[in-house]
$ cat my_file-v4.pdb   # PDB, C-alpha atoms
ATOM      1  CA  MET A   1      82.115  28.824 -48.834
ATOM      2  CA  HIS A   2      80.418  28.119 -52.159
ATOM      3  CA  TYR A   3      82.433  28.647 -55.335
ATOM      4  CA  TYR A   4      82.271  28.302 -59.117
ATOM      5  CA  GLN A   5      85.137  26.948 -61.201
ATOM      6  CA  PHE A   6      85.675  28.011 -64.804
ATOM      7  CA  GLY A   7      88.552  28.004 -67.257
ATOM      8  CA  ASN A   8      91.123  25.194 -67.417
ATOM      9  CA  GLY A   9      94.469  26.989 -67.482
ATOM     10  CA  PRO A  10      97.520  25.993 -65.417
ATOM     11  CA  LYS A  11      97.458  29.136 -63.239
ATOM     12  CA  ALA A  12      94.944  29.546 -60.403
ATOM     13  CA  MET A  13      92.986  32.796 -59.963
ATOM     14  CA  LEU A  14      90.932  33.407 -56.817
ATOM     15  CA  CYS A  15      88.073  35.819 -57.562
ATOM     16  CA  PHE A  16      86.239  38.024 -55.069
ATOM     17  CA  HIS A  17      83.119  39.779 -56.330
ATOM     18  CA  GLY A  18      81.472  43.052 -55.384
ATOM     19  CA  TYR A  19      78.605  43.627 -52.992
ATOM     20  CA  GLY A  20      75.279  42.239 -54.189
ATOM     21  CA  MET A  21      76.956  40.050 -56.809
ATOM     22  CA  HIS A  22      78.116  36.419 -56.795
ATOM     23  CA  GLY A  23      80.995  34.153 -57.705
ATOM     24  CA  LYS A  24      80.113  34.203 -61.411
ATOM     25  CA  GLN A  25      80.761  37.952 -61.741
ATOM     26  CA  PHE A  26      84.028  37.378 -63.609
ATOM     27  CA  ARG A  27      82.716  34.521 -65.784
ATOM     28  CA  GLN A  28      83.008  36.631 -68.925
ATOM     29  CA  LEU A  29      86.811  36.509 -68.555
ATOM     30  CA  GLU A  30      86.804  32.789 -69.296
ATOM     31  CA  GLU A  31      86.737  33.200 -73.080
ATOM     32  CA  ARG A  32      89.882  35.341 -73.125
ATOM     33  CA  PHE A  33      91.788  33.924 -70.168
ATOM     34  CA  GLY A  34      90.427  30.390 -69.728
ATOM     35  CA  ALA A  35      93.387  28.743 -71.440
ATOM     36  CA  ASN A  36      95.819  30.459 -69.053
ATOM     37  CA  TYR A  37      93.880  30.431 -65.794
ATOM     38  CA  THR A  38      91.526  28.268 -63.811
ATOM     39  CA  PHE A  39      89.209  30.686 -62.032
ATOM     40  CA  TYR A  40      87.671  30.055 -58.627
ATOM     41  CA  GLY A  41      84.849  32.537 -58.096
ATOM     42  CA  PHE A  42      83.590  32.521 -54.516
ATOM     43  CA  ASP A  43      80.167  33.514 -53.268
ATOM     44  CA  LEU A  44      81.372  35.786 -50.466
ATOM     45  CA  PHE A  45      79.827  35.854 -47.009
ATOM     46  CA  PHE A  46      76.081  36.597 -46.988
ATOM     47  CA  HIS A  47      75.822  36.258 -50.767
ATOM     48  CA  LYS A  48      74.034  33.591 -52.819
ATOM     49  CA  GLU A  49      74.973  30.059 -51.743
ATOM     50  CA  THR A  50      77.497  30.861 -49.014
ATOM     51  CA  LYS A  51      75.833  30.624 -45.611
ATOM     52  CA  LEU A  52      77.216  30.662 -42.092
ATOM     53  CA  LEU A  53      76.129  27.727 -39.969
ATOM     54  CA  ASP A  54      74.854  30.341 -37.519
ATOM     55  CA  GLU A  55      73.606  33.568 -39.107
ATOM     56  CA  SER A  56      72.119  35.002 -35.937
ATOM     57  CA  VAL A  57      72.738  38.687 -35.277
ATOM     58  CA  ALA A  58      74.784  37.733 -32.201
ATOM     59  CA  ASN A  59      77.095  35.493 -34.234
ATOM     60  CA  VAL A  60      77.434  38.010 -37.071
ATOM     61  CA  LYS A  61      78.591  40.555 -34.513
ATOM     62  CA  GLN A  62      81.488  38.272 -33.548
ATOM     63  CA  GLY A  63      83.066  38.995 -36.922
ATOM     64  CA  ILE A  64      85.932  37.233 -38.677
ATOM     65  CA  THR A  65      89.615  38.091 -38.244
ATOM     66  CA  LYS A  66      92.237  38.405 -40.962
ATOM     67  CA  LYS A  67      93.954  35.251 -39.721
ATOM     68  CA  GLU A  68      90.712  33.273 -39.795
ATOM     69  CA  LEU A  69      89.806  34.469 -43.280
ATOM     70  CA  THR A  70      93.287  33.710 -44.607
ATOM     71  CA  GLN A  71      93.263  30.207 -43.146
ATOM     72  CA  LEU A  72      89.938  29.529 -44.853
ATOM     73  CA  PHE A  73      91.464  30.202 -48.274
ATOM     74  CA  LEU A  74      94.714  28.408 -47.457
ATOM     75  CA  ASP A  75      92.655  25.337 -46.592
ATOM     76  CA  PHE A  76      90.793  25.708 -49.881
ATOM     77  CA  CYS A  77      94.056  25.958 -51.835
ATOM     78  CA  LYS A  78      95.416  22.895 -50.051
ATOM     79  CA  SER A  79      92.299  20.939 -51.009
ATOM     80  CA  LYS A  80      92.885  21.902 -54.666
ATOM     81  CA  SER A  81      96.689  21.355 -54.542
ATOM     82  CA  ILE A  82      97.232  25.061 -55.299
ATOM     83  CA  ASP A  83     100.615  26.321 -54.137
ATOM     84  CA  LYS A  84     100.571  29.831 -55.625
ATOM     85  CA  PHE A  85      97.688  31.833 -57.020
ATOM     86  CA  SER A  86      96.651  35.158 -58.486
ATOM     87  CA  ILE A  87      93.885  37.342 -57.080
ATOM     88  CA  LEU A  88      91.164  39.268 -58.898
ATOM     89  CA  ALA A  89      88.805  41.384 -56.824
ATOM     90  CA  TYR A  90      86.218  44.101 -57.296
ATOM     91  CA  SER A  91      84.895  46.700 -54.835
ATOM     92  CA  MET A  92      83.870  44.857 -51.632
ATOM     93  CA  GLY A  93      85.952  41.884 -52.732
ATOM     94  CA  SER A  94      89.078  44.009 -52.316
ATOM     95  CA  PHE A  95      88.787  43.609 -48.537
ATOM     96  CA  TYR A  96      89.322  39.871 -48.998
ATOM     97  CA  ALA A  97      92.097  40.462 -51.538
ATOM     98  CA  CYS A  98      94.039  42.947 -49.401
ATOM     99  CA  THR A  99      93.786  40.663 -46.380
ATOM    100  CA  LEU A 100      95.455  37.853 -48.318
ATOM    101  CA  ALA A 101      98.097  40.272 -49.602
ATOM    102  CA  GLU A 102      98.921  41.273 -46.030
ATOM    103  CA  GLU A 103      98.987  37.721 -44.698
ATOM    104  CA  VAL A 104     100.325  35.492 -47.498
ATOM    105  CA  ALA A 105     101.847  37.712 -50.206
ATOM    106  CA  GLU A 106     104.481  35.035 -50.796
ATOM    107  CA  LYS A 107     101.774  32.879 -52.371
ATOM    108  CA  ILE A 108     100.448  35.550 -54.755
ATOM    109  CA  ASN A 109     101.587  35.780 -58.377
ATOM    110  CA  GLU A 110      99.378  38.683 -59.499
ATOM    111  CA  PHE A 111      97.236  41.000 -57.405
ATOM    112  CA  ILE A 112      94.458  42.704 -59.380
ATOM    113  CA  VAL A 113      91.785  44.927 -57.833
ATOM    114  CA  ALA A 114      89.146  47.086 -59.493
ATOM    115  CA  ALA A 115      87.352  49.913 -57.670
ATOM    116  CA  PRO A 116      89.293  48.936 -54.525
ATOM    117  CA  ALA A 117      86.946  49.978 -51.741
ATOM    118  CA  SER A 118      89.382  48.709 -49.122
ATOM    119  CA  LEU A 119      91.842  51.533 -49.857
ATOM    120  CA  LYS A 120      89.362  54.075 -48.503
ATOM    121  CA  PRO A 121      86.016  52.635 -47.406
ATOM    122  CA  GLY A 122      84.513  56.035 -46.666
ATOM    123  CA  ARG A 123      83.171  57.661 -43.523
ATOM    124  CA  ILE A 124      79.673  56.195 -43.743
ATOM    125  CA  ILE A 125      80.629  52.523 -43.989
ATOM    126  CA  THR A 126      83.346  53.031 -41.366
ATOM    127  CA  PHE A 127      80.815  54.582 -38.986
ATOM    128  CA  PHE A 128      78.314  51.775 -39.547
ATOM    129  CA  SER A 129      80.832  48.953 -39.240
ATOM    130  CA  LYS A 130      83.333  50.055 -36.579
ATOM    131  CA  ASN A 131      81.533  52.590 -34.397
ATOM    132  CA  THR A 132      79.434  50.929 -31.673
ATOM    133  CA  ILE A 133      76.619  53.460 -31.945
ATOM    134  CA  GLY A 134      76.803  53.450 -35.727
ATOM    135  CA  ASN A 135      76.607  49.669 -35.924
ATOM    136  CA  LYS A 136      73.625  49.598 -33.575
ATOM    137  CA  LEU A 137      71.936  52.208 -35.752
ATOM    138  CA  LEU A 138      72.676  50.160 -38.865
ATOM    139  CA  GLU A 139      71.198  47.090 -37.193
ATOM    140  CA  HIS A 140      68.008  49.013 -36.442
ATOM    141  CA  LEU A 141      67.777  50.475 -39.950
ATOM    142  CA  ALA A 142      68.584  47.223 -41.738
ATOM    143  CA  LEU A 143      66.135  45.100 -39.782
ATOM    144  CA  SER A 144      63.261  47.579 -40.172
ATOM    145  CA  ASN A 145      61.040  47.875 -43.239
ATOM    146  CA  ASN A 146      61.780  51.436 -44.402
ATOM    147  CA  GLY A 147      64.812  52.569 -42.420
ATOM    148  CA  MET A 148      67.427  51.935 -45.092
ATOM    149  CA  THR A 149      65.409  53.370 -47.983
ATOM    150  CA  ASN A 150      64.650  56.518 -45.974
ATOM    151  CA  LEU A 151      68.332  56.883 -45.090
ATOM    152  CA  LEU A 152      69.370  56.586 -48.740
ATOM    153  CA  ALA A 153      66.825  59.190 -49.760
ATOM    154  CA  THR A 154      68.194  61.557 -47.111
ATOM    155  CA  LEU A 155      71.824  60.983 -48.181
ATOM    156  CA  LYS A 156      70.878  61.732 -51.774
ATOM    157  CA  ARG A 157      68.926  64.856 -50.798
ATOM    158  CA  VAL A 158      71.834  66.341 -48.830
ATOM    159  CA  LYS A 159      74.214  65.293 -51.640
ATOM    160  CA  VAL A 160      76.326  62.857 -49.639
ATOM    161  CA  ILE A 161      75.730  60.409 -52.505
ATOM    162  CA  ASP A 162      74.845  61.142 -56.117
ATOM    163  CA  ALA A 163      71.955  59.736 -58.175
ATOM    164  CA  LYS A 164      74.040  56.865 -59.605
ATOM    165  CA  ALA A 165      75.254  55.783 -56.172
ATOM    166  CA  HIS A 166      71.693  55.981 -54.891
ATOM    167  CA  GLU A 167      70.508  53.774 -57.742
ATOM    168  CA  ILE A 168      73.195  51.164 -57.081
ATOM    169  CA  LEU A 169      72.680  51.158 -53.318
ATOM    170  CA  TYR A 170      68.894  51.042 -53.597
ATOM    171  CA  ARG A 171      69.103  47.846 -55.659
ATOM    172  CA  GLU A 172      71.252  46.369 -52.917
ATOM    173  CA  ILE A 173      68.738  46.940 -50.088
ATOM    174  CA  ALA A 174      65.473  46.340 -51.918
ATOM    175  CA  THR A 175      64.444  43.257 -49.900
ATOM    176  CA  PRO A 176      64.666  42.228 -46.224
ATOM    177  CA  GLU A 177      67.254  39.591 -47.206
ATOM    178  CA  LEU A 178      69.427  42.186 -48.935
ATOM    179  CA  ARG A 179      69.130  44.584 -45.996
ATOM    180  CA  PHE A 180      70.285  41.861 -43.603
ATOM    181  CA  SER A 181      73.155  41.078 -45.981
ATOM    182  CA  PHE A 182      74.233  44.728 -45.936
ATOM    183  CA  PHE A 183      74.220  44.824 -42.142
ATOM    184  CA  ALA A 184      75.954  41.447 -41.912
ATOM    185  CA  CYS A 185      78.727  42.303 -44.394
ATOM    186  CA  ALA A 186      79.509  45.635 -42.736
ATOM    187  CA  THR A 187      79.554  43.998 -39.312
ATOM    188  CA  TYR A 188      81.181  40.624 -39.998
ATOM    189  CA  LEU A 189      84.051  42.042 -42.068
ATOM    190  CA  ARG A 190      84.866  44.997 -39.822
ATOM    191  CA  PHE A 191      88.234  43.534 -38.769
ATOM    192  CA  LEU A 192      89.483  43.506 -42.370
ATOM    193  CA  LYS A 193      90.726  47.078 -42.165
ATOM    194  CA  LEU A 194      93.691  47.693 -44.445
ATOM    195  CA  ASP A 195      97.069  47.969 -42.726
ATOM    196  CA  ILE A 196      98.728  50.201 -45.329
ATOM    197  CA  GLN A 197     102.281  49.702 -44.093
ATOM    198  CA  LYS A 198     102.028  45.914 -43.917
ATOM    199  CA  PHE A 199     100.161  45.758 -47.236
ATOM    200  CA  THR A 200     102.774  47.714 -49.172
ATOM    201  CA  GLU A 201     105.737  46.071 -47.442
ATOM    202  CA  GLU A 202     104.503  42.559 -48.164
ATOM    203  CA  LEU A 203     103.765  43.267 -51.833
ATOM    204  CA  ASN A 204     107.215  44.846 -52.210
ATOM    205  CA  GLN A 205     109.090  42.152 -50.315
ATOM    206  CA  HIS A 206     107.663  39.455 -52.591
ATOM    207  CA  ASN A 207     107.645  41.630 -55.727
ATOM    208  CA  VAL A 208     103.990  40.877 -56.450
ATOM    209  CA  LYS A 209     102.748  42.255 -59.758
ATOM    210  CA  SER A 210      99.931  44.563 -58.643
ATOM    211  CA  ILE A 211      97.289  46.161 -60.828
ATOM    212  CA  PHE A 212      94.801  48.770 -59.621
ATOM    213  CA  ILE A 213      91.926  49.679 -61.955
ATOM    214  CA  PHE A 214      89.584  52.635 -61.413
ATOM    215  CA  GLY A 215      86.593  53.981 -63.294
ATOM    216  CA  LYS A 216      86.899  57.570 -64.525
ATOM    217  CA  ARG A 217      83.221  58.115 -63.680
ATOM    218  CA  ASP A 218      83.259  56.199 -60.413
ATOM    219  CA  HIS A 219      82.476  58.803 -57.750
ATOM    220  CA  SER A 220      82.410  56.217 -54.968
ATOM    221  CA  TYR A 221      86.028  55.066 -55.341
ATOM    222  CA  PRO A 222      87.914  57.464 -57.633
ATOM    223  CA  ALA A 223      91.566  56.946 -58.542
ATOM    224  CA  LYS A 224      92.750  59.547 -56.036
ATOM    225  CA  ILE A 225      92.016  57.201 -53.111
ATOM    226  CA  GLY A 226      95.059  55.185 -54.156
ATOM    227  CA  ASP A 227      97.512  58.061 -54.556
ATOM    228  CA  ASN A 228      99.244  57.631 -51.205
ATOM    229  CA  ILE A 229      99.289  53.842 -51.320
ATOM    230  CA  ILE A 230      99.956  52.683 -54.878
ATOM    231  CA  SER A 231     102.998  54.954 -55.225
ATOM    232  CA  LYS A 232     104.648  52.972 -52.406
ATOM    233  CA  ILE A 233     104.336  49.664 -54.260
ATOM    234  CA  THR A 234     107.318  48.908 -56.493
ATOM    235  CA  ASN A 235     105.742  46.555 -59.021
ATOM    236  CA  ALA A 236     102.391  48.318 -59.397
ATOM    237  CA  GLN A 237     100.326  49.677 -62.275
ATOM    238  CA  GLN A 238      97.379  52.042 -61.966
ATOM    239  CA  LEU A 239      94.836  52.625 -64.690
ATOM    240  CA  GLU A 240      91.608  54.538 -65.178
ATOM    241  CA  ILE A 241      89.091  53.198 -67.665
ATOM    242  CA  ASP A 242      86.062  55.000 -69.049
ATOM    243  CA  GLU A 243      83.526  53.392 -66.724
ATOM    244  CA  ASN A 244      81.475  54.183 -63.640
ATOM    245  CA  HIS A 245      81.513  51.967 -60.558
ATOM    246  CA  ASP A 246      79.722  49.157 -62.396
ATOM    247  CA  MET A 247      82.752  48.295 -64.535
ATOM    248  CA  ILE A 248      83.096  44.509 -64.803
ATOM    249  CA  ASN A 249      82.335  44.160 -68.511
ATOM    250  CA  GLN A 250      84.031  43.488 -71.855
ATOM    251  CA  ASN A 251      85.931  46.776 -71.682
ATOM    252  CA  PHE A 252      87.369  45.640 -68.357
ATOM    253  CA  ALA A 253      88.327  42.278 -69.875
ATOM    254  CA  GLN A 254      90.123  43.990 -72.765
ATOM    255  CA  THR A 255      91.964  46.294 -70.375
ATOM    256  CA  LEU A 256      93.038  43.365 -68.248
ATOM    257  CA  ALA A 257      94.243  41.461 -71.286
ATOM    258  CA  THR A 258      96.483  44.365 -72.235
ATOM    259  CA  LEU A 259      97.887  44.726 -68.737
ATOM    260  CA  LEU A 260      98.632  41.022 -68.470
ATOM    261  CA  ASN A 261     100.287  41.090 -71.902
ATOM    262  CA  ASP A 262      97.765  38.674 -73.355
ATOM    263  CA  HIS A 263      97.634  39.620 -77.016
TER     264      HIS A 263
END
$ encode --input "my_file-v4.pdb" --output "structure tokens"
Amino acid sequence: MHYYQFGNGPKAMLCFHGYGMHGKQFRQLEERFGANYTFYGFDLFFHKETKLLDESVANVKQGITKKELTQLFLDFCKSKSIDKFSILAYSMGSFYACTLAEEVAEKINEFIVAAPASLKPGRIITFFSKNTIGNKLLEHLALSNNGMTNLLATLKRVKVIDAKAHEILYREIATPELRFSFFACATYLRFLKLDIQKFTEELNQHNVKSIFIFGKRDHSYPAKIGDNIISKITNAQQLEIDENHDMINQNFAQTLATLLNDH
């Protein structure tokens, strides 16, 4: 798994970007936090420089389990002599973050997620990733020339998604490579479904400082998706900032600085 390292602080921060982005998504945090943290920003599966040895459709369909994903990052931490770490994740990256929280919460200092898609992925992505018929349909649409763009147009027309969501999603399926990435991510990560009980129990047992950040204008993952989960976490903060889904910017950095008491 390819990664970028920035900052030179004593505390380690593992960073998991959003769909269609890359491991440098949080680079702008270096100026404010670089003296406190060393950031490790990973190119997640099917993004930028991270490639599976076998990216055939058959292999993608095998998927990766929570245990396998966790071991991958434990091996990375061992190679860097990292005993404990913080986590920063956005949107799709929250599936990686929540998996680590479930499996190795004892190693996490701070757990920070923005637009946490893993709390409630939505009916469409669940249908495409977990339902056999849905996944076969996604495979057909993603590997055809116009299937995905026609589907997006239909979803917008019947108001399943709004214009902003359509704009974001369209950028993410504009090329054959991006369409394959969409299919591969939905399929390969399908086992990373949040276990709410285990997630909350592990964060509470190890008293992990947890921060959940939502965009007030984010219609894809509004704050209400966390109502039944975040309230069960003892050491948790929830905040809405004046942003849409595309929120990783200087305003986000300032908000994070305040929450982490970095003045």
$ residues_around --input "my_file-v4.pdb" --residues "stretch 126-140 of chain A" --least-positions-apart "3" --cutoff "9 Å" --atoms "only C-alpha atoms" --output "CSV table (one decimal) with C-alpha atoms, in the coordinates of the input"
chain,number,residue,atom,x,y,z
A,57,VAL,CA,72.7,38.7,-35.3
A,121,PRO,CA,86.0,52.6,-47.4
A,122,GLY,CA,84.5,56.0,-46.7
A,123,ARG,CA,83.2,57.7,-43.5
A,143,LEU,CA,66.1,45.1,-39.8
A,144,SER,CA,63.3,47.6,-40.2
A,147,GLY,CA,64.8,52.6,-42.4
A,148,MET,CA,67.4,51.9,-45.1
A,180,PHE,CA,70.3,41.9,-43.6
A,183,PHE,CA,74.2,44.8,-42.1
A,184,ALA,CA,76.0,41.4,-41.9
A,185,CYS,CA,78.7,42.3,-44.4
A,186,ALA,CA,79.5,45.6,-42.7
A,187,THR,CA,79.6,44.0,-39.3
A,188,TYR,CA,81.2,40.6,-40.0
A,189,LEU,CA,84.1,42.0,-42.1
A,190,ARG,CA,84.9,45.0,-39.8
A,191,PHE,CA,88.2,43.5,-38.8
$ resolve_selection --input "my_file-v4.pdb" --expression "the PyMOL selection byres ((chain A and resi 90-93) around 6)" --output "list in words"
Phe16, His17, Gly18, Tyr19, Ala89, Ser94, Phe95, Tyr96, Val113, Ala114, Ala115, Pro116 and Ala117 of chain A
$ residues_around --input "my_file-v4.pdb" --residues "stretch 63-76 of chain A" --least-positions-apart "2" --cutoff "12 Å" --atoms "only C-alpha atoms" --output "PyMOL selection string"
chain A and resi 1-3+12+14-16+40+42+44-45+52+54-61+78-85+87+95-105+107-108+129-130+183-195
$ residues_around --input "my_file-v4.pdb" --residues "A:Val208" --least-positions-apart "2" --cutoff "9 Å" --atoms "only C-alpha atoms" --output "MDAnalysis selection string"
chainID A and resid 105:106 108:111 202:206 210 234:236
$ residues_around --input "my_file-v4.pdb" --residues "A:Asn8" --least-positions-apart "4" --cutoff "6 Å" --atoms "all atoms listed in the file" --output "list of chain:residue names"
A:Gly34, A:Ala35, A:Thr38
$ resolve_selection --input "my_file-v4.pdb" --expression "the PyMOL selection byres ((chain A and resi 163-174) around 12)" --output "count of residues only"
44
$ closest_residue --input "my_file-v4.pdb" --among "A:Phe214, A:Phe6, A:Phe199, A:Phe39" --to "A:Phe252" --atoms "only C-alpha atoms"
A:Phe214
$ closest_residue --input "my_file-v4.pdb" --among "A:Met13, A:Leu53, A:Ile213, A:Leu88" --to "A:Ile230" --atoms "only C-alpha atoms"
A:Ile213
$ atom_distance --input "my_file-v4.pdb" --atom1 "atom CA of A:Gly215" --atom2 "atom CA of A:Lys11"
27.1 Å
$ atom_distance --input "my_file-v4.pdb" --atom1 "atom CA of A:Asp43" --atom2 "atom CA of A:Phe26"
11.7 Å
$ atom_distance --input "my_file-v4.pdb" --atom1 "atom CA of A:Gln25" --atom2 "atom CA of A:Tyr4"
10.1 Å
$ resolve_selection --input "my_file-v4.pdb" --expression "the PyMOL selection byres ((chain A and resi 251) around 12)" --output "ChimeraX atom specification"
/A:28-29,213,215,240-244,246-250,252-258
$ write_last_selection --input "my_file-v4.pdb" --atoms "C-alpha atoms" --output "mmCIF file, in the coordinates of the input"
data_model
loop_
_atom_site.group_PDB
_atom_site.id
_atom_site.type_symbol
_atom_site.label_atom_id
_atom_site.label_comp_id
_atom_site.auth_asym_id
_atom_site.auth_seq_id
_atom_site.Cartn_x
_atom_site.Cartn_y
_atom_site.Cartn_z
ATOM 1 C CA GLN A 28 83.008 36.631 -68.925
ATOM 2 C CA LEU A 29 86.811 36.509 -68.555
ATOM 3 C CA ILE A 213 91.926 49.679 -61.955
ATOM 4 C CA GLY A 215 86.593 53.981 -63.294
ATOM 5 C CA GLU A 240 91.608 54.538 -65.178
ATOM 6 C CA ILE A 241 89.091 53.198 -67.665
ATOM 7 C CA ASP A 242 86.062 55.000 -69.049
ATOM 8 C CA GLU A 243 83.526 53.392 -66.724
ATOM 9 C CA ASN A 244 81.475 54.183 -63.640
ATOM 10 C CA ASP A 246 79.722 49.157 -62.396
ATOM 11 C CA MET A 247 82.752 48.295 -64.535
ATOM 12 C CA ILE A 248 83.096 44.509 -64.803
ATOM 13 C CA ASN A 249 82.335 44.160 -68.511
ATOM 14 C CA GLN A 250 84.031 43.488 -71.855
ATOM 15 C CA PHE A 252 87.369 45.640 -68.357
ATOM 16 C CA ALA A 253 88.327 42.278 -69.875
ATOM 17 C CA GLN A 254 90.123 43.990 -72.765
ATOM 18 C CA THR A 255 91.964 46.294 -70.375
ATOM 19 C CA LEU A 256 93.038 43.365 -68.248
ATOM 20 C CA ALA A 257 94.243 41.461 -71.286
ATOM 21 C CA THR A 258 96.483 44.365 -72.235
#
